[in-house]
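Text of the file model15.cif, holding mmCIF, C-alpha atoms:
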data_upload
#
loop_
_atom_site.group_PDB
_atom_site.id
_atom_site.type_symbol
_atom_site.label_atom_id
_atom_site.label_comp_id
_atom_site.auth_asym_id
_atom_site.auth_seq_id
_atom_site.Cartn_x
_atom_site.Cartn_y
_atom_site.Cartn_z
ATOM 1 C CA MET A 21 -10.242 16.646 0.919
ATOM 2 C CA LYS A 22 -11.230 19.220 -1.662
ATOM 3 C CA ASP A 23 -14.518 17.511 -2.549
ATOM 4 C CA PRO A 24 -16.898 17.961 0.429
ATOM 5 C CA ASP A 25 -18.788 14.807 -0.622
ATOM 6 C CA LEU A 26 -15.699 12.683 0.045
ATOM 7 C CA VAL A 27 -14.689 11.485 3.522
ATOM 8 C CA ILE A 28 -11.426 9.710 4.359
ATOM 9 C CA ARG A 29 -11.435 7.561 7.488
ATOM 10 C CA PRO A 30 -10.001 4.399 9.065
ATOM 11 C CA ALA A 31 -11.585 1.242 7.683
ATOM 12 C CA ARG A 32 -14.101 -0.750 9.688
ATOM 13 C CA ALA A 33 -14.841 -4.472 9.561
ATOM 14 C CA THR A 34 -18.046 -3.726 7.648
ATOM 15 C CA ASP A 35 -15.918 -2.114 4.897
ATOM 16 C CA VAL A 36 -14.090 -5.290 3.852
ATOM 17 C CA ARG A 37 -16.734 -6.272 1.300
ATOM 18 C CA GLY A 38 -16.571 -2.800 -0.290
ATOM 19 C CA ILE A 39 -12.764 -2.789 -0.276
ATOM 20 C CA ARG A 40 -12.692 -6.180 -2.001
ATOM 21 C CA GLU A 41 -15.203 -5.006 -4.616
ATOM 22 C CA LEU A 42 -13.121 -1.873 -5.189
ATOM 23 C CA VAL A 43 -9.856 -3.764 -5.680
ATOM 24 C CA ALA A 44 -11.383 -6.600 -7.768
ATOM 25 C CA PRO A 45 -10.694 -4.944 -11.163
ATOM 26 C CA TYR A 46 -7.103 -4.249 -10.080
ATOM 27 C CA VAL A 47 -6.675 -7.863 -8.989
ATOM 28 C CA ALA A 48 -8.130 -9.036 -12.308
ATOM 29 C CA SER A 49 -5.590 -6.916 -14.200
ATOM 30 C CA ARG A 50 -2.782 -8.180 -11.887
ATOM 31 C CA ALA A 51 -2.030 -4.655 -10.610
ATOM 32 C CA ILE A 52 -2.881 -5.792 -7.058
ATOM 33 C CA VAL A 53 -1.971 -9.226 -5.729
ATOM 34 C CA PRO A 54 -5.049 -11.331 -4.881
ATOM 35 C CA LYS A 55 -5.714 -11.991 -1.192
ATOM 36 C CA PRO A 56 -8.390 -13.997 0.576
ATOM 37 C CA ALA A 57 -11.036 -12.132 2.565
ATOM 38 C CA VAL A 58 -9.407 -13.191 5.832
ATOM 39 C CA ALA A 59 -6.232 -11.271 4.878
ATOM 40 C CA TYR A 60 -8.282 -8.072 4.570
ATOM 41 C CA PHE A 61 -9.831 -8.637 7.977
ATOM 42 C CA GLU A 62 -6.426 -9.402 9.532
ATOM 43 C CA GLY A 63 -4.943 -6.213 8.087
ATOM 44 C CA LEU A 64 -8.009 -4.035 8.555
ATOM 45 C CA GLN A 65 -6.364 -1.664 11.056
ATOM 46 C CA GLU A 66 -3.838 -0.750 8.330
ATOM 47 C CA PHE A 67 -6.525 0.508 5.907
ATOM 48 C CA LEU A 68 -8.009 3.888 5.198
ATOM 49 C CA VAL A 69 -11.056 4.258 2.969
ATOM 50 C CA VAL A 70 -12.555 7.140 1.055
ATOM 51 C CA GLU A 71 -16.342 7.300 0.957
ATOM 52 C CA ARG A 72 -18.754 9.151 -1.267
ATOM 53 C CA GLY A 73 -22.078 8.791 0.479
ATOM 54 C CA ASP A 74 -22.386 5.151 1.455
ATOM 55 C CA ARG A 75 -19.984 3.919 -1.255
ATOM 56 C CA ILE A 76 -16.258 3.236 -0.871
ATOM 57 C CA VAL A 77 -14.466 4.940 -3.765
ATOM 58 C CA GLY A 78 -10.868 4.581 -2.591
ATOM 59 C CA CYS A 79 -8.660 2.683 -0.198
ATOM 60 C CA GLY A 80 -5.075 2.134 0.827
ATOM 61 C CA ALA A 81 -3.091 0.522 3.628
ATOM 62 C CA LEU A 82 0.130 1.156 5.513
ATOM 63 C CA HIS A 83 1.999 -1.933 6.733
ATOM 64 C CA VAL A 84 4.924 -1.363 9.102
ATOM 65 C CA MET A 85 7.772 -3.763 8.325
ATOM 66 C CA TRP A 86 10.522 -2.550 10.645
ATOM 67 C CA GLU A 87 11.247 0.372 12.954
ATOM 68 C CA ASP A 88 12.011 2.710 10.076
ATOM 69 C CA VAL A 89 10.271 1.090 7.076
ATOM 70 C CA ALA A 90 6.612 0.693 6.123
ATOM 71 C CA GLU A 91 4.874 -0.292 2.906
ATOM 72 C CA VAL A 92 1.992 1.454 1.194
ATOM 73 C CA ARG A 93 -0.315 -1.312 -0.035
ATOM 74 C CA THR A 94 -3.545 -1.828 -1.891
ATOM 75 C CA VAL A 95 -4.002 1.749 -3.059
ATOM 76 C CA ALA A 96 -7.067 1.647 -5.288
ATOM 77 C CA VAL A 97 -9.610 4.132 -6.611
ATOM 78 C CA ASP A 98 -12.971 3.374 -8.157
ATOM 79 C CA ARG A 99 -12.315 3.539 -11.888
ATOM 80 C CA GLN A 100 -15.275 5.912 -12.324
ATOM 81 C CA GLU A 101 -13.594 8.304 -9.872
ATOM 82 C CA LEU A 102 -10.095 8.343 -11.402
ATOM 83 C CA GLY A 103 -8.485 11.729 -12.037
ATOM 84 C CA GLN A 104 -10.138 13.488 -9.104
ATOM 85 C CA GLY A 105 -7.185 13.324 -6.697
ATOM 86 C CA ILE A 106 -8.580 10.530 -4.537
ATOM 87 C CA GLY A 107 -5.431 8.403 -4.877
ATOM 88 C CA SER A 108 -3.248 11.361 -3.900
ATOM 89 C CA GLU A 109 -5.412 12.060 -0.848
ATOM 90 C CA ILE A 110 -5.180 8.439 0.276
ATOM 91 C CA LEU A 111 -1.414 8.408 -0.215
ATOM 92 C CA ARG A 112 -0.967 11.674 1.690
ATOM 93 C CA ALA A 113 -3.036 10.331 4.584
ATOM 94 C CA LEU A 114 -1.014 7.098 4.648
ATOM 95 C CA LEU A 115 2.246 9.065 4.645
ATOM 96 C CA ASP A 116 0.930 11.206 7.512
ATOM 97 C CA ARG A 117 0.148 7.990 9.372
ATOM 98 C CA ALA A 118 3.717 6.762 8.719
ATOM 99 C CA ARG A 119 5.125 10.016 10.117
ATOM 100 C CA ALA A 120 2.920 9.715 13.204
ATOM 101 C CA LEU A 121 4.272 6.200 13.751
ATOM 102 C CA GLY A 122 7.855 7.446 13.440
ATOM 103 C CA VAL A 123 8.562 5.611 10.186
ATOM 104 C CA ARG A 124 11.273 7.278 8.096
ATOM 105 C CA ARG A 125 10.990 5.345 4.836
ATOM 106 C CA VAL A 126 7.969 4.144 2.887
ATOM 107 C CA PHE A 127 8.151 1.440 0.242
ATOM 108 C CA CYS A 128 5.734 0.485 -2.529
ATOM 109 C CA LEU A 129 5.655 -2.142 -5.257
ATOM 110 C CA THR A 130 3.779 -0.696 -8.193
ATOM 111 C CA PHE A 131 3.070 -0.411 -11.896
ATOM 112 C CA GLU A 132 2.088 3.246 -11.305
ATOM 113 C CA VAL A 133 5.621 4.659 -11.341
ATOM 114 C CA GLY A 134 4.556 8.133 -12.477
ATOM 115 C CA PHE A 135 1.956 8.492 -9.730
ATOM 116 C CA PHE A 136 4.328 7.488 -6.942
ATOM 117 C CA ALA A 137 7.238 9.466 -8.434
ATOM 118 C CA SER A 138 5.030 12.567 -8.404
ATOM 119 C CA HIS A 139 4.796 12.078 -4.626
ATOM 120 C CA GLY A 140 8.568 11.781 -4.154
ATOM 121 C CA PHE A 141 9.096 8.019 -4.449
ATOM 122 C CA ALA A 142 12.155 6.820 -6.391
ATOM 123 C CA GLU A 143 12.892 3.407 -7.870
ATOM 124 C CA ILE A 144 15.319 1.264 -5.913
ATOM 125 C CA GLU A 145 17.553 -1.702 -6.617
ATOM 126 C CA GLY A 146 19.443 -3.961 -4.288
ATOM 127 C CA ASP A 147 18.944 -4.333 -0.554
ATOM 128 C CA PRO A 148 17.215 -1.319 1.018
ATOM 129 C CA VAL A 149 18.186 -2.361 4.584
ATOM 130 C CA THR A 150 21.298 -3.403 6.471
ATOM 131 C CA PRO A 151 22.321 -7.086 6.417
ATOM 132 C CA GLU A 152 21.203 -7.451 10.058
ATOM 133 C CA VAL A 153 17.712 -6.106 9.337
ATOM 134 C CA TYR A 154 17.551 -8.145 6.120
ATOM 135 C CA ALA A 155 18.186 -11.311 8.162
ATOM 136 C CA GLU A 156 15.395 -10.368 10.586
ATOM 137 C CA LEU A 157 12.939 -9.551 7.791
ATOM 138 C CA LEU A 158 13.625 -12.918 6.158
ATOM 139 C CA GLN A 159 11.755 -14.456 9.098
ATOM 140 C CA SER A 160 8.508 -12.727 8.104
ATOM 141 C CA TYR A 161 5.724 -14.741 6.490
ATOM 142 C CA ASP A 162 4.333 -11.599 4.869
ATOM 143 C CA GLU A 163 4.506 -11.615 1.066
ATOM 144 C CA GLY A 164 4.906 -7.831 0.991
ATOM 145 C CA VAL A 165 8.084 -8.118 3.027
ATOM 146 C CA ALA A 166 9.351 -10.721 0.547
ATOM 147 C CA GLU A 167 8.582 -8.268 -2.277
ATOM 148 C CA PHE A 168 10.427 -5.504 -0.425
ATOM 149 C CA LEU A 169 13.462 -7.793 -0.095
ATOM 150 C CA ASP A 170 13.123 -8.737 -3.792
ATOM 151 C CA LEU A 171 13.208 -12.449 -3.013
ATOM 152 C CA ASP A 172 13.202 -14.806 -5.985
ATOM 153 C CA ARG A 173 10.156 -16.710 -4.704
ATOM 154 C CA VAL A 174 7.859 -13.701 -5.261
ATOM 155 C CA LYS A 175 9.204 -12.559 -8.626
ATOM 156 C CA PRO A 176 6.743 -14.563 -10.770
ATOM 157 C CA ASN A 177 3.880 -12.721 -9.030
ATOM 158 C CA THR A 178 5.448 -9.278 -9.299
ATOM 159 C CA LEU A 179 6.852 -9.219 -12.839
ATOM 160 C CA GLY A 180 6.762 -5.713 -14.255
ATOM 161 C CA ASN A 181 6.264 -4.049 -10.881
ATOM 162 C CA HIS A 182 8.715 -1.420 -9.731
ATOM 163 C CA ARG A 183 10.160 -1.237 -6.216
ATOM 164 C CA MET A 184 10.017 2.374 -5.040
ATOM 165 C CA LEU A 185 11.005 4.113 -1.809
ATOM 166 C CA LEU A 186 10.326 7.498 -0.237
ATOM 167 C CA THR A 187 12.316 9.005 2.618
ATOM 168 C CA LEU A 188 9.954 11.044 4.778
ATOM 169 C CA HIS A 189 10.782 14.405 6.253
ATOM 170 C CA PRO A 190 9.109 15.368 9.537
#
Represent the structure contained in this file as structure tokens.
Amino acid sequence: MKDPDLVIRPARATDVRGIRELVAPYVASRAIVPKPAVAYFEGLQEFLVVERGDRIVGCGALHVMWEDVAEVRTVAVDRQELGQGIGSEILRALLDRARALGVRRVFCLTFEVGFFASHGFAEIEGDPVTPEVYAELLQSYDEGVAEFLDLDRVKPNTLGNHRMLLTLHP
């Protein structure tokens, strides 16, 4: 990162409280879907955090959905730190993680179309996977997978969000 006071690293269990505090304003504004604390603990290994001193000022997660598709989730930056490139650094690190895992495509559901478009994401419509993979993904209990598939049952919670996809190059 450009700012030497900022450190990006994998999240630890002791970070969940800070992550939840960081995302709380985004949940309140409906930009991030609310989740119970246990969901953050269960998905902890997917998260990266950005620290300034002992304070978490950014976070994001990468959730693998299938052999060639992952979702960027819960990207948030402390509102006092906006405009300093923290969100871009988190996204770049998550995309590097996707490449390391061999994932070719990365999905996001977002209101921040301009931000994600500036990183190569494009809006999508329709089914982004083959019918066979679609049928397999329908078996997932994960709400993010349902959002990716654009299922009717999640639409009331995602109104106004845009489905975007990025094809990664090695």
Problem set entry | Best match for closeness to Val53 of chain A among A:Leu186, A:Leu129, A:Leu68, A:Ile144, counting all atoms listed in the file | A:Leu129
For this session: Evaluate the PyMOL selection byres ((chain A and resi 131-136) around 7) here and jot the selected residues down as a VMD selection string.
Result: chain A and resid 51 130 137 to 141 180 to 182
For this session: Run the PyMOL selection byres ((chain A and resi 31) around 7) mentally over the shown coordinates, then write out the matched residues as a ChimeraX atom specification, using the chain letters and numbers from the document.
Result: /A:29-30,32-33,35,64-65,67-69
Problem set entry | Nearest-residue call for Arg93 of chain A, choices A:Ile110, A:Leu121, A:Ala81, A:Val43, using only C-alpha atoms |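 Looking only at the distances to Arg93 of chain A, the closest residue turns out to be A:Ala81.
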For this session: Carefully work through the PyMOL selection byres ((chain A and resi 128) around 7) for this structure and note down the residues it includes, as a PyMOL selection string.
Result: chain A and resi 91-93+126-127+129-130+183-185
Could you pull segment 66-92 of chain A out of the block above and save it with N, CA and C atoms, as a compact mmCIF listing (two decimals), in the first residue's frame?
# COMPACT_ATOMS: atom_id res chain seq x y z
N GLU A 66 -12.33 -15.88 4.61
CA GLU A 66 -12.51 -15.20 3.33
C GLU A 66 -12.11 -13.72 3.39
N PHE A 67 -11.96 -13.18 4.59
CA PHE A 67 -11.77 -11.73 4.78
C PHE A 67 -10.32 -11.29 4.80
N LEU A 68 -10.12 -10.11 4.25
CA LEU A 68 -8.90 -9.33 4.45
C LEU A 68 -9.31 -8.07 5.18
N VAL A 69 -8.41 -7.53 5.99
CA VAL A 69 -8.66 -6.25 6.65
C VAL A 69 -7.50 -5.31 6.37
N VAL A 70 -7.80 -4.03 6.47
CA VAL A 70 -6.78 -2.99 6.39
C VAL A 70 -6.76 -2.30 7.74
N GLU A 71 -5.57 -2.22 8.33
CA GLU A 71 -5.41 -1.58 9.63
C GLU A 71 -4.62 -0.28 9.51
N ARG A 72 -5.01 0.65 10.34
CA ARG A 72 -4.19 1.85 10.60
C ARG A 72 -3.97 1.83 12.10
N GLY A 73 -2.76 1.50 12.50
CA GLY A 73 -2.50 1.32 13.93
C GLY A 73 -3.25 0.11 14.42
N ASP A 74 -4.06 0.30 15.46
CA ASP A 74 -4.84 -0.82 15.99
C ASP A 74 -6.31 -0.76 15.56
N ARG A 75 -6.60 0.03 14.52
CA ARG A 75 -7.97 0.24 14.07
C ARG A 75 -8.18 -0.34 12.67
N ILE A 76 -9.25 -1.08 12.49
CA ILE A 76 -9.60 -1.60 11.16
C ILE A 76 -10.28 -0.48 10.39
N VAL A 77 -9.71 -0.14 9.22
CA VAL A 77 -10.26 0.95 8.41
C VAL A 77 -10.78 0.46 7.06
N GLY A 78 -10.67 -0.84 6.80
CA GLY A 78 -11.19 -1.40 5.57
C GLY A 78 -11.28 -2.91 5.67
N CYS A 79 -12.18 -3.47 4.86
CA CYS A 79 -12.29 -4.93 4.83
C CYS A 79 -12.92 -5.35 3.51
N GLY A 80 -12.82 -6.62 3.23
CA GLY A 80 -13.45 -7.22 2.07
C GLY A 80 -13.25 -8.72 2.13
N ALA A 81 -14.11 -9.45 1.42
CA ALA A 81 -14.05 -10.91 1.44
C ALA A 81 -14.15 -11.46 0.03
N LEU A 82 -13.60 -12.64 -0.16
CA LEU A 82 -13.71 -13.37 -1.42
C LEU A 82 -14.32 -14.73 -1.12
N HIS A 83 -15.50 -14.98 -1.71
CA HIS A 83 -16.23 -16.23 -1.48
C HIS A 83 -16.25 -17.02 -2.78
N VAL A 84 -15.61 -18.18 -2.80
CA VAL A 84 -15.60 -19.02 -3.99
C VAL A 84 -16.95 -19.72 -4.09
N MET A 85 -17.57 -19.62 -5.28
CA MET A 85 -18.88 -20.23 -5.51
C MET A 85 -18.81 -21.48 -6.36
N TRP A 86 -17.84 -21.54 -7.26
CA TRP A 86 -17.70 -22.68 -8.16
C TRP A 86 -16.26 -22.69 -8.64
N GLU A 87 -15.88 -23.66 -9.44
CA GLU A 87 -14.47 -23.79 -9.81
C GLU A 87 -13.92 -22.58 -10.55
N ASP A 88 -14.77 -21.82 -11.21
CA ASP A 88 -14.26 -20.67 -11.95
C ASP A 88 -14.95 -19.36 -11.57
N VAL A 89 -15.71 -19.34 -10.47
CA VAL A 89 -16.44 -18.13 -10.09
C VAL A 89 -16.32 -17.89 -8.58
N ALA A 90 -16.00 -16.65 -8.22
CA ALA A 90 -15.99 -16.23 -6.82
C ALA A 90 -16.70 -14.89 -6.73
N GLU A 91 -17.09 -14.54 -5.52
CA GLU A 91 -17.76 -13.26 -5.29
C GLU A 91 -16.93 -12.41 -4.34
N VAL A 92 -16.79 -11.15 -4.70
CA VAL A 92 -16.22 -10.16 -3.79
C VAL A 92 -17.37 -9.67 -2.92
